[in-house]
file my_file.pdb (PDB, C-alpha atoms, pLDDT in the B column)
ATOM      1  CA  LYS A 810      -3.145  -0.674   6.880  1.00 91.00           C
ATOM      2  CA  GLY A 811      -5.537   1.506   4.964  1.00 92.00           C
ATOM      3  CA  TYR A 812      -5.146   5.012   3.563  1.00 92.00           C
ATOM      4  CA  VAL A 813      -7.571   7.857   2.891  1.00 92.00           C
ATOM      5  CA  GLY A 814      -6.866  11.350   1.636  1.00 90.00           C
ATOM      6  CA  SER A 815      -7.404  14.289  -0.651  1.00 88.00           C
ATOM      7  CA  GLY A 816     -10.874  15.428  -1.768  1.00 83.00           C
ATOM      8  CA  ASN A 817     -13.236  18.233  -0.752  1.00 81.00           C
ATOM      9  CA  LYS A 818     -13.055  19.718   2.743  1.00 76.00           C
ATOM     10  CA  THR A 819     -16.812  20.295   2.729  1.00 73.00           C
ATOM     11  CA  PRO A 820     -19.323  18.474   0.489  1.00 70.00           C
ATOM     12  CA  GLY A 821     -20.470  20.579  -2.442  1.00 68.00           C
ATOM     13  CA  THR A 822     -17.447  22.903  -2.321  1.00 68.00           C
ATOM     14  CA  VAL A 823     -14.327  23.303  -4.419  1.00 70.00           C
ATOM     15  CA  ILE A 824     -12.124  23.767  -1.344  1.00 81.00           C
ATOM     16  CA  LEU A 825      -9.771  20.822  -1.621  1.00 87.00           C
ATOM     17  CA  THR A 826      -7.481  19.248   0.945  1.00 86.00           C
ATOM     18  CA  ALA A 827      -4.192  17.378   0.606  1.00 88.00           C
ATOM     19  CA  ASP A 828      -4.646  15.720   4.016  1.00 90.00           C
ATOM     20  CA  PHE A 829      -3.617  12.050   3.956  1.00 92.00           C
ATOM     21  CA  ARG A 830      -4.204   9.547   6.783  1.00 93.00           C
ATOM     22  CA  GLU A 831      -3.201   5.973   7.584  1.00 93.00           C
ATOM     23  CA  TYR A 832      -5.550   3.642   9.452  1.00 95.00           C
ATOM     24  CA  ASP A 833      -4.063   0.905  11.624  1.00 93.00           C
ATOM     25  CA  PRO A 834      -6.675  -1.788  12.422  1.00 95.00           C
ATOM     26  CA  ALA A 835      -4.449  -3.220  15.184  1.00 94.00           C
ATOM     27  CA  THR A 836      -4.709   0.023  17.180  1.00 93.00           C
ATOM     28  CA  ASP A 837      -7.976   1.341  15.643  1.00 96.00           C
ATOM     29  CA  GLN A 838      -6.249   4.710  15.069  1.00 93.00           C
ATOM     30  CA  TRP A 839      -5.806   7.181  12.227  1.00 95.00           C
ATOM     31  CA  VAL A 840      -2.418   8.920  11.870  1.00 93.00           C
ATOM     32  CA  LYS A 841      -1.526  11.862   9.606  1.00 93.00           C
ATOM     33  CA  LYS A 842       1.032  11.087   6.887  1.00 94.00           C
ATOM     34  CA  ALA A 843       2.743  13.111   4.121  1.00 93.00           C
ATOM     35  CA  ASP A 844       0.247  15.313   2.294  1.00 92.00           C
ATOM     36  CA  ALA A 845      -1.201  13.954  -0.949  1.00 91.00           C
ATOM     37  CA  ILE A 846      -2.246  15.996  -3.997  1.00 89.00           C
ATOM     38  CA  LYS A 847      -5.299  18.240  -3.732  1.00 89.00           C
ATOM     39  CA  ARG A 848      -7.882  16.491  -5.885  1.00 89.00           C
ATOM     40  CA  ASN A 849     -11.570  15.799  -6.181  1.00 88.00           C
ATOM     41  CA  GLY A 850     -12.699  12.651  -7.993  1.00 90.00           C
ATOM     42  CA  ALA A 851      -9.185  11.158  -8.092  1.00 93.00           C
ATOM     43  CA  SER A 852      -8.589   7.479  -8.862  1.00 94.00           C
ATOM     44  CA  SER A 853      -6.347   5.098  -6.977  1.00 95.00           C
ATOM     45  CA  PHE A 854      -4.980   1.582  -6.638  1.00 97.00           C
ATOM     46  CA  SER A 855      -2.235  -0.161  -4.683  1.00 96.00           C
ATOM     47  CA  ILE A 856       0.558  -2.453  -5.818  1.00 96.00           C
ATOM     48  CA  GLY A 857       2.610  -4.246  -3.192  1.00 94.00           C
ATOM     49  CA  ASN A 858       3.225  -1.839  -0.320  1.00 94.00           C
ATOM     50  CA  LYS A 859       2.806   1.323  -2.444  1.00 96.00           C
ATOM     51  CA  GLY A 860      -0.240   3.381  -3.286  1.00 95.00           C
ATOM     52  CA  TYR A 861      -0.981   5.257  -6.510  1.00 97.00           C
ATOM     53  CA  VAL A 862      -3.284   8.272  -6.855  1.00 95.00           C
ATOM     54  CA  GLY A 863      -3.953  10.517  -9.813  1.00 94.00           C
ATOM     55  CA  VAL A 864      -6.224  12.126 -12.338  1.00 95.00           C
ATOM     56  CA  GLY A 865      -9.209  13.941 -10.789  1.00 92.00           C
ATOM     57  CA  ASN A 866     -10.042  17.655 -10.710  1.00 89.00           C
ATOM     58  CA  ASN A 867      -7.639  20.210  -9.309  1.00 85.00           C
ATOM     59  CA  SER A 868      -8.774  23.243  -7.303  1.00 73.00           C
ATOM     60  CA  SER A 869      -9.907  24.930 -10.533  1.00 72.00           C
ATOM     61  CA  THR A 870     -12.182  21.929 -11.303  1.00 79.00           C
ATOM     62  CA  ILE A 871     -10.043  21.132 -14.336  1.00 86.00           C
ATOM     63  CA  PRO A 872      -9.522  17.388 -14.979  1.00 90.00           C
ATOM     64  CA  GLN A 873      -5.903  16.214 -14.745  1.00 92.00           C
ATOM     65  CA  ARG A 874      -3.750  13.328 -16.064  1.00 94.00           C
ATOM     66  CA  ASP A 875      -0.900  13.211 -13.528  1.00 95.00           C
ATOM     67  CA  PHE A 876      -0.173  10.271 -11.216  1.00 95.00           C
ATOM     68  CA  ARG A 877       1.774   9.873  -7.977  1.00 96.00           C
ATOM     69  CA  GLU A 878       3.190   6.942  -6.032  1.00 97.00           C
ATOM     70  CA  TYR A 879       3.090   6.841  -2.223  1.00 96.00           C
ATOM     71  CA  ASP A 880       5.845   4.909  -0.454  1.00 96.00           C
ATOM     72  CA  PRO A 881       4.849   4.482   3.220  1.00 94.00           C
ATOM     73  CA  SER A 882       8.326   3.248   4.200  1.00 93.00           C
ATOM     74  CA  ASP A 883      10.212   6.348   2.963  1.00 94.00           C
ATOM     75  CA  THR A 884      11.801   8.160   5.952  1.00 92.00           C
ATOM     76  CA  SER A 885      13.041  11.263   4.094  1.00 90.00           C
ATOM     77  CA  LEU A 886      10.182  13.409   5.495  1.00 89.00           C
ATOM     78  CA  GLY A 887      10.625  12.188   9.057  1.00 90.00           C
ATOM     79  CA  PHE A 888       8.331  10.222  11.337  1.00 91.00           C
ATOM     80  CA  ASP A 889       4.725  10.473  12.562  1.00 87.00           C
ATOM     81  CA  ILE A 890       3.560  10.594  16.203  1.00 87.00           C
ATOM     82  CA  ASN A 891       3.890   6.798  16.448  1.00 84.00           C
ATOM     83  CA  HIS A 892       7.506   6.919  15.182  1.00 88.00           C
ATOM     84  CA  ASN A 893       6.545   5.400  11.811  1.00 86.00           C
ATOM     85  CA  PRO A 894       7.849   6.929   8.546  1.00 90.00           C
ATOM     86  CA  MET A 895       5.700   9.758   7.152  1.00 92.00           C
ATOM     87  CA  GLY A 896       6.125   8.263   3.695  1.00 92.00           C
ATOM     88  CA  LYS A 897       6.722  10.178   0.495  1.00 95.00           C
ATOM     89  CA  TRP A 898       4.858  10.999  -2.730  1.00 95.00           C
ATOM     90  CA  ILE A 899       6.753  10.662  -6.031  1.00 96.00           C
ATOM     91  CA  LEU A 900       5.517  11.973  -9.384  1.00 96.00           C
ATOM     92  CA  ARG A 901       5.154   9.129 -11.921  1.00 97.00           C
ATOM     93  CA  ASP A 902       4.220   9.066 -15.628  1.00 97.00           C
ATOM     94  CA  SER A 903       0.897  10.733 -16.411  1.00 97.00           C
ATOM     95  CA  LEU A 904      -2.032   8.753 -17.773  1.00 97.00           C
ATOM     96  CA  PRO A 905      -1.687   8.961 -21.597  1.00 95.00           C
ATOM     97  CA  GLY A 906      -5.419   9.294 -22.238  1.00 88.00           C
ATOM     98  CA  PRO A 907      -7.425  12.499 -21.910  1.00 91.00           C
ATOM     99  CA  PRO A 908      -7.614  14.313 -18.546  1.00 93.00           C
ATOM    100  CA  ARG A 909     -10.458  12.983 -16.400  1.00 93.00           C
ATOM    101  CA  TYR A 910     -12.026  12.606 -13.000  1.00 92.00           C
ATOM    102  CA  ILE A 911     -14.413  10.107 -11.359  1.00 92.00           C
ATOM    103  CA  ALA A 912     -12.731   7.208 -13.193  1.00 94.00           C
ATOM    104  CA  PHE A 913     -12.434   3.712 -11.708  1.00 95.00           C
ATOM    105  CA  GLY A 914      -9.191   2.129 -10.495  1.00 96.00           C
ATOM    106  CA  PHE A 915      -8.082  -1.285  -9.225  1.00 97.00           C
ATOM    107  CA  SER A 916      -4.988  -3.487  -9.262  1.00 97.00           C
ATOM    108  CA  ILE A 917      -4.350  -7.112 -10.161  1.00 97.00           C
ATOM    109  CA  GLY A 918      -1.003  -8.591  -9.145  1.00 95.00           C
ATOM    110  CA  ASN A 919       1.741  -6.104  -9.953  1.00 96.00           C
ATOM    111  CA  LYS A 920      -0.301  -3.946 -12.385  1.00 97.00           C
ATOM    112  CA  GLY A 921      -2.727  -1.078 -11.800  1.00 97.00           C
ATOM    113  CA  TYR A 922      -5.728  -0.185 -13.948  1.00 97.00           C
ATOM    114  CA  ILE A 923      -7.593   3.072 -14.623  1.00 96.00           C
ATOM    115  CA  GLY A 924     -10.526   3.553 -16.957  1.00 94.00           C
ATOM    116  CA  SER A 925     -13.612   5.434 -17.962  1.00 93.00           C
ATOM    117  CA  GLY A 926     -14.449   8.643 -16.086  1.00 92.00           C
ATOM    118  CA  SER A 927     -15.480  12.045 -17.353  1.00 90.00           C
ATOM    119  CA  ALA A 928     -14.068  15.299 -18.675  1.00 86.00           C
ATOM    120  CA  SER A 929     -16.738  17.384 -16.892  1.00 75.00           C
ATOM    121  CA  ASN A 930     -19.982  17.160 -14.943  1.00 60.00           C
ATOM    122  CA  THR A 931     -22.087  17.225 -18.096  1.00 59.00           C
ATOM    123  CA  SER A 932     -20.226  15.601 -20.992  1.00 65.00           C
ATOM    124  CA  GLY A 933     -17.145  13.868 -22.265  1.00 80.00           C
ATOM    125  CA  TYR A 934     -17.427  10.362 -20.844  1.00 87.00           C
ATOM    126  CA  TYR A 935     -14.718   7.860 -21.788  1.00 91.00           C
ATOM    127  CA  THR A 936     -14.470   4.144 -22.569  1.00 91.00           C
ATOM    128  CA  ASP A 937     -10.669   3.872 -22.606  1.00 94.00           C
ATOM    129  CA  PHE A 938      -8.903   1.485 -20.228  1.00 95.00           C
ATOM    130  CA  TRP A 939      -5.234   1.639 -19.165  1.00 97.00           C
ATOM    131  CA  GLU A 940      -2.746  -0.674 -17.436  1.00 98.00           C
ATOM    132  CA  TYR A 941       0.100   0.769 -15.321  1.00 98.00           C
ATOM    133  CA  ASP A 942       3.397  -1.050 -14.767  1.00 98.00           C
ATOM    134  CA  PRO A 943       5.238   0.446 -11.765  1.00 97.00           C
ATOM    135  CA  TYR A 944       8.529  -1.253 -12.647  1.00 97.00           C
ATOM    136  CA  SER A 945       8.808   0.428 -16.055  1.00 98.00           C
ATOM    137  CA  ASN A 946       6.721   3.453 -14.967  1.00 98.00           C
ATOM    138  CA  SER A 947       4.648   3.105 -18.133  1.00 98.00           C
ATOM    139  CA  TRP A 948       1.032   2.860 -19.269  1.00 98.00           C
ATOM    140  CA  THR A 949      -0.372   0.448 -21.873  1.00 97.00           C
ATOM    141  CA  GLN A 950      -3.771   0.953 -23.459  1.00 97.00           C
ATOM    142  CA  LYS A 951      -6.043  -2.080 -23.170  1.00 96.00           C
ATOM    143  CA  LYS A 952      -9.264  -2.940 -25.009  1.00 94.00           C
ATOM    144  CA  PRO A 953     -11.922  -0.254 -24.276  1.00 92.00           C
ATOM    145  CA  ILE A 954     -14.657  -1.053 -21.784  1.00 88.00           C
ATOM    146  CA  THR A 955     -18.124  -1.911 -23.071  1.00 81.00           C
ATOM    147  CA  GLY A 956     -19.884   1.304 -22.054  1.00 77.00           C
ATOM    148  CA  LYS A 957     -19.169   4.803 -20.882  1.00 82.00           C
ATOM    149  CA  ARG A 958     -19.325   5.177 -17.107  1.00 84.00           C
ATOM    150  CA  ALA A 959     -18.431   7.563 -14.299  1.00 88.00           C
ATOM    151  CA  TYR A 960     -18.658   7.180 -10.518  1.00 90.00           C
ATOM    152  CA  ALA A 961     -18.281   3.392 -10.912  1.00 92.00           C
ATOM    153  CA  ALA A 962     -17.343   1.191  -7.976  1.00 94.00           C
ATOM    154  CA  SER A 963     -14.349  -1.074  -8.524  1.00 95.00           C
ATOM    155  CA  PHE A 964     -12.322  -3.736  -6.757  1.00 96.00           C
ATOM    156  CA  ALA A 965     -10.219  -6.798  -7.534  1.00 96.00           C
ATOM    157  CA  ILE A 966     -10.263 -10.366  -6.237  1.00 95.00           C
ATOM    158  CA  ARG A 967      -7.424 -12.659  -7.259  1.00 92.00           C
ATOM    159  CA  ASN A 968      -6.873 -12.169 -11.011  1.00 94.00           C
ATOM    160  CA  LYS A 969     -10.136 -10.374 -11.824  1.00 96.00           C
ATOM    161  CA  GLY A 970     -11.161  -6.720 -11.683  1.00 95.00           C
ATOM    162  CA  TYR A 971     -14.811  -5.804 -11.067  1.00 95.00           C
ATOM    163  CA  ILE A 972     -16.407  -2.576 -12.278  1.00 93.00           C
ATOM    164  CA  GLY A 973     -20.028  -1.710 -11.646  1.00 91.00           C
ATOM    165  CA  THR A 974     -22.792   0.668 -10.736  1.00 93.00           C
ATOM    166  CA  GLY A 975     -22.045   4.336 -11.462  1.00 90.00           C
ATOM    167  CA  ALA A 976     -23.766   6.887 -13.649  1.00 87.00           C
ATOM    168  CA  LEU A 977     -23.802   8.493 -17.052  1.00 81.00           C
ATOM    169  CA  GLU A 978     -25.407  11.927 -17.045  1.00 78.00           C
ATOM    170  CA  ALA A 979     -28.849  11.335 -15.404  1.00 81.00           C
ATOM    171  CA  ASN A 980     -28.786   7.528 -15.798  1.00 86.00           C
ATOM    172  CA  PHE A 981     -27.778   5.329 -12.865  1.00 91.00           C
ATOM    173  CA  TYR A 982     -26.643   1.726 -13.299  1.00 90.00           C
ATOM    174  CA  SER A 983     -26.628  -1.476 -11.240  1.00 92.00           C
ATOM    175  CA  ASP A 984     -24.738  -3.748 -13.675  1.00 90.00           C
ATOM    176  CA  TRP A 985     -21.259  -5.243 -13.143  1.00 92.00           C
ATOM    177  CA  TRP A 986     -18.413  -6.096 -15.530  1.00 90.00           C
ATOM    178  CA  VAL A 987     -15.492  -8.443 -14.941  1.00 92.00           C
ATOM    179  CA  TYR A 988     -11.976  -7.916 -16.323  1.00 92.00           C
ATOM    180  CA  THR A 989      -9.531 -10.830 -16.459  1.00 89.00           C
ATOM    181  CA  GLN A 990      -5.846 -10.236 -17.112  1.00 79.00           C
TER     182      GLN A 990
END
call {"tool": "encode", "arguments": {"input": "my_file.pdb", "output": "structure tokens"}}
result
Amino acid sequence: KGYVGSGNKTPGTVILTADFREYDPATDQWVKKADAIKRNGASSFSIGNKGYVGVGNNSSTIPQRDFREYDPSDTSLGFDINHNPMGKWILRDSLPGPPRYIAFGFSIGNKGYIGSGSASNTSGYYTDFWEYDPYSNSWTQKKPITGKRAYAASFAIRNKGYIGTGALEANFYSDWWVYTQ
């Protein structure tokens, strides 16, 4: 199943939503789940059957460092219209680096990764790169990425993470980097 949530209600606004939905490809339906955090430009990854979302701008457009874990099997909030658990969000350790939004995120095996991003729309781009271990609920700083980047696309295949495209101020990129654990 796939999950989508949070972000702006209307493009170009600062009116954020916490709405969180689950997509079931077997039924081709979207179902509302437990509300996520209200964020714009948040980063995410999944490990096992849990999702992780954090950083991003809050409703005051101030970059954040916090992170949350979504457990779709948690029944403490009840059940959705299809009698599946609503799931539950749990606050986890914050990203140790500076607050940011529009950073990239991906996971390899049982670790999640967050890096780069920006402090604002006009300055403060980062090269730091972090690994998250859900079992110890801790972050480890990895070697910085080669260049500053925001709005990058990212994904993982097997034991490699791919980061590419994106922008830095008025410059747009088409290059790709590969990270191997």
call {"tool": "closest_residue", "arguments": {"input": "my_file.pdb", "among": "A:Arg848, A:Lys897, A:Arg909, A:His892", "to": "Tyr960 in chain A", "atoms": "all atoms listed in the file"}}
result
A:Arg909
call {"tool": "atom_distance", "arguments": {"input": "my_file.pdb", "atom1": "CA of Tyr971 in chain A", "atom2": "CA of Lys952 in chain A"}}
result
15.3 Å
call {"tool": "residues_around", "arguments": {"input": "my_file.pdb", "residues": "range 834-846 of chain A", "least_positions_apart": "4", "cutoff": "12 Å", "atoms": "all atoms listed in the file", "output": "ChimeraX atom specification"}}
result
/A:810-817,825-830,850-853,860-868,873,875-900
call {"tool": "residues_near_point", "arguments": {"input": "my_file.pdb", "point": "(-25.4, 0.3, -12.5)", "cutoff": "7 Å", "atoms": "all atoms listed in the file", "output": "tab-separated table (two decimals) with C-alpha atoms, in the coordinates of the input"}}
result
chain	number	residue	atom	x	y	z
A	973	GLY	CA	-20.03	-1.71	-11.65
A	974	THR	CA	-22.79	0.67	-10.74
A	975	GLY	CA	-22.04	4.34	-11.46
A	976	ALA	CA	-23.77	6.89	-13.65
A	981	PHE	CA	-27.78	5.33	-12.86
A	982	TYR	CA	-26.64	1.73	-13.30
A	983	SER	CA	-26.63	-1.48	-11.24
A	984	ASP	CA	-24.74	-3.75	-13.68
A	985	TRP	CA	-21.26	-5.24	-13.14
call {"tool": "residues_around", "arguments": {"input": "my_file.pdb", "residues": "range 937-942 of chain A", "least_positions_apart": "5", "cutoff": "7 Å", "atoms": "only C-alpha atoms", "output": "JSON, numbers by chain"}}
result
{"A": [920, 921, 922, 923, 924, 925, 947, 948, 949, 950, 951, 952, 953, 954]}
call {"tool": "write_last_selection", "arguments": {"input": "my_file.pdb", "atoms": "C-alpha atoms", "output": "PDB file, keeping the file's coordinate frame"}}
result
ATOM      1  CA  LYS A 920      -0.301  -3.946 -12.385  1.00 97.00           C
ATOM      2  CA  GLY A 921      -2.727  -1.078 -11.800  1.00 97.00           C
ATOM      3  CA  TYR A 922      -5.728  -0.185 -13.948  1.00 97.00           C
ATOM      4  CA  ILE A 923      -7.593   3.072 -14.623  1.00 96.00           C
ATOM      5  CA  GLY A 924     -10.526   3.553 -16.957  1.00 94.00           C
ATOM      6  CA  SER A 925     -13.612   5.434 -17.962  1.00 93.00           C
ATOM      7  CA  SER A 947       4.648   3.105 -18.133  1.00 98.00           C
ATOM      8  CA  TRP A 948       1.032   2.860 -19.269  1.00 98.00           C
ATOM      9  CA  THR A 949      -0.372   0.448 -21.873  1.00 97.00           C
ATOM     10  CA  GLN A 950      -3.771   0.953 -23.459  1.00 97.00           C
ATOM     11  CA  LYS A 951      -6.043  -2.080 -23.170  1.00 96.00           C
ATOM     12  CA  LYS A 952      -9.264  -2.940 -25.009  1.00 94.00           C
ATOM     13  CA  PRO A 953     -11.922  -0.254 -24.276  1.00 92.00           C
ATOM     14  CA  ILE A 954     -14.657  -1.053 -21.784  1.00 88.00           C
TER      15      ILE A 954
END
call {"tool": "atom_distance", "arguments": {"input": "my_file.pdb", "atom1": "CA of Gly914 in chain A", "atom2": "CA of Lys847 in chain A"}}
result
17.9 Å
call {"tool": "atom_distance", "arguments": {"input": "my_file.pdb", "atom1": "CA of Thr936 in chain A", "atom2": "CA of Ser963 in chain A"}}
result
15.0 Å
call {"tool": "residues_near_point", "arguments": {"input": "my_file.pdb", "point": "(-7.0, -6.3, -15.8)", "cutoff": "7 Å", "atoms": "only C-alpha atoms", "output": "list in words"}}
result
Ile917, Tyr922, Lys969, Gly970, Tyr988, Thr989 and Gln990 of chain A
call {"tool": "closest_residue", "arguments": {"input": "my_file.pdb", "among": "A:Val987, A:Ala979, A:Ile824, A:Ile871", "to": "Ile966 in chain A", "atoms": "all atoms listed in the file"}}
result
A:Val987
call {"tool": "residues_around", "arguments": {"input": "my_file.pdb", "residues": "Gly926 in chain A", "least_positions_apart": "2", "cutoff": "7 Å", "atoms": "only C-alpha atoms", "output": "ChimeraX atom specification"}}
result
/A:909-913,924,934-935,958-959
call {"tool": "write_last_selection", "arguments": {"input": "my_file.pdb", "atoms": "C-alpha atoms", "output": "CSV table (one decimal), in the coordinates of the input"}}
result
chain,number,residue,atom,x,y,z
A,909,ARG,CA,-10.5,13.0,-16.4
A,910,TYR,CA,-12.0,12.6,-13.0
A,911,ILE,CA,-14.4,10.1,-11.4
A,912,ALA,CA,-12.7,7.2,-13.2
A,913,PHE,CA,-12.4,3.7,-11.7
A,924,GLY,CA,-10.5,3.6,-17.0
A,934,TYR,CA,-17.4,10.4,-20.8
A,935,TYR,CA,-14.7,7.9,-21.8
A,958,ARG,CA,-19.3,5.2,-17.1
A,959,ALA,CA,-18.4,7.6,-14.3
call {"tool": "resolve_selection", "arguments": {"input": "my_file.pdb", "expression": "the PyMOL selection byres ((chain A and resi 903) around 7)", "output": "PyMOL selection string"}}
result
chain A and resi 874-876+901-902+904-905
call {"tool": "closest_residue", "arguments": {"input": "my_file.pdb", "among": "A:Ser916, A:Thr870, A:Ser945, A:Thr955", "to": "Asn849 in chain A", "atoms": "only C-alpha atoms"}}
result
A:Thr870
call {"tool": "closest_residue", "arguments": {"input": "my_file.pdb", "among": "A:Pro907, A:Val823, A:Ala961, A:Phe854", "to": "Ser869 in chain A", "atoms": "all atoms listed in the file"}}
result
A:Val823
call {"tool": "build_atoms", "arguments": {"input": "my_file.pdb", "residues": "range 899-908 of chain A", "atoms": "all heavy atoms", "output": "CSV table (one decimal), in the coordinates of the input"}}
result
chain,number,residue,atom,x,y,z
A,899,ILE,N,5.8,10.5,-4.9
A,899,ILE,CA,6.8,10.7,-6.0
A,899,ILE,C,5.9,10.8,-7.3
A,899,ILE,O,5.0,10.0,-7.5
A,899,ILE,CB,7.7,9.4,-6.2
A,899,ILE,CG1,8.5,9.3,-4.9
A,899,ILE,CG2,8.6,9.6,-7.4
A,899,ILE,CD1,9.1,7.9,-4.8
A,900,LEU,N,6.2,11.8,-8.1
A,900,LEU,CA,5.5,12.0,-9.4
A,900,LEU,C,5.9,10.9,-10.3
A,900,LEU,O,7.1,10.5,-10.5
A,900,LEU,CB,5.9,13.3,-10.0
A,900,LEU,CG,5.1,13.7,-11.3
A,900,LEU,CD1,3.6,13.8,-11.0
A,900,LEU,CD2,5.7,15.0,-11.8
A,901,ARG,N,4.9,10.2,-11.0
A,901,ARG,CA,5.2,9.1,-11.9
A,901,ARG,C,4.6,9.6,-13.3
A,901,ARG,O,4.1,10.7,-13.4
A,901,ARG,CB,4.4,7.9,-11.5
A,901,ARG,CG,4.8,7.4,-10.0
A,901,ARG,CD,6.3,7.1,-9.9
A,901,ARG,NE,6.5,5.8,-10.5
A,901,ARG,CZ,7.7,5.2,-10.6
A,901,ARG,NH1,8.8,5.8,-10.3
A,901,ARG,NH2,7.8,4.0,-11.2
A,902,ASP,N,4.7,8.7,-14.3
A,902,ASP,CA,4.2,9.1,-15.6
A,902,ASP,C,2.7,9.3,-15.6
A,902,ASP,O,2.0,8.6,-14.9
A,902,ASP,CB,4.5,7.9,-16.6
A,902,ASP,CG,5.8,8.1,-17.3
A,902,ASP,OD1,6.6,9.0,-17.0
A,902,ASP,OD2,6.1,7.3,-18.2
A,903,SER,N,2.3,10.4,-16.3
A,903,SER,CA,0.9,10.7,-16.4
A,903,SER,C,0.1,9.7,-17.2
A,903,SER,O,0.7,9.1,-18.1
A,903,SER,CB,0.7,12.1,-17.1
A,903,SER,OG,1.3,13.1,-16.2
A,904,LEU,N,-1.2,9.6,-17.0
A,904,LEU,CA,-2.0,8.8,-17.8
A,904,LEU,C,-2.0,9.3,-19.2
A,904,LEU,O,-2.3,10.5,-19.4
A,904,LEU,CB,-3.4,8.8,-17.2
A,904,LEU,CG,-4.5,7.9,-17.9
A,904,LEU,CD1,-4.2,6.4,-17.6
A,904,LEU,CD2,-5.9,8.3,-17.5
A,905,PRO,N,-1.8,8.5,-20.2
A,905,PRO,CA,-1.7,9.0,-21.6
A,905,PRO,C,-3.0,9.4,-22.2
A,905,PRO,O,-3.0,10.2,-23.1
A,905,PRO,CB,-1.2,7.8,-22.4
A,905,PRO,CG,-0.6,6.8,-21.4
A,905,PRO,CD,-1.3,7.1,-20.1
A,906,GLY,N,-4.1,8.9,-21.7
A,906,GLY,CA,-5.4,9.3,-22.2
A,906,GLY,C,-5.8,10.7,-21.9
A,906,GLY,O,-5.0,11.5,-21.3
A,907,PRO,N,-7.0,11.1,-22.2
A,907,PRO,CA,-7.4,12.5,-21.9
A,907,PRO,C,-7.6,12.7,-20.4
A,907,PRO,O,-7.8,11.8,-19.6
A,907,PRO,CB,-8.8,12.6,-22.6
A,907,PRO,CG,-9.2,11.2,-22.8
A,907,PRO,CD,-8.0,10.4,-22.9
A,908,PRO,N,-7.4,14.0,-20.0
A,908,PRO,CA,-7.6,14.3,-18.5
A,908,PRO,C,-9.0,13.9,-18.1
A,908,PRO,O,-9.9,13.9,-18.9
A,908,PRO,CB,-7.5,15.8,-18.5
A,908,PRO,CG,-6.7,16.2,-19.7
A,908,PRO,CD,-7.1,15.2,-20.7
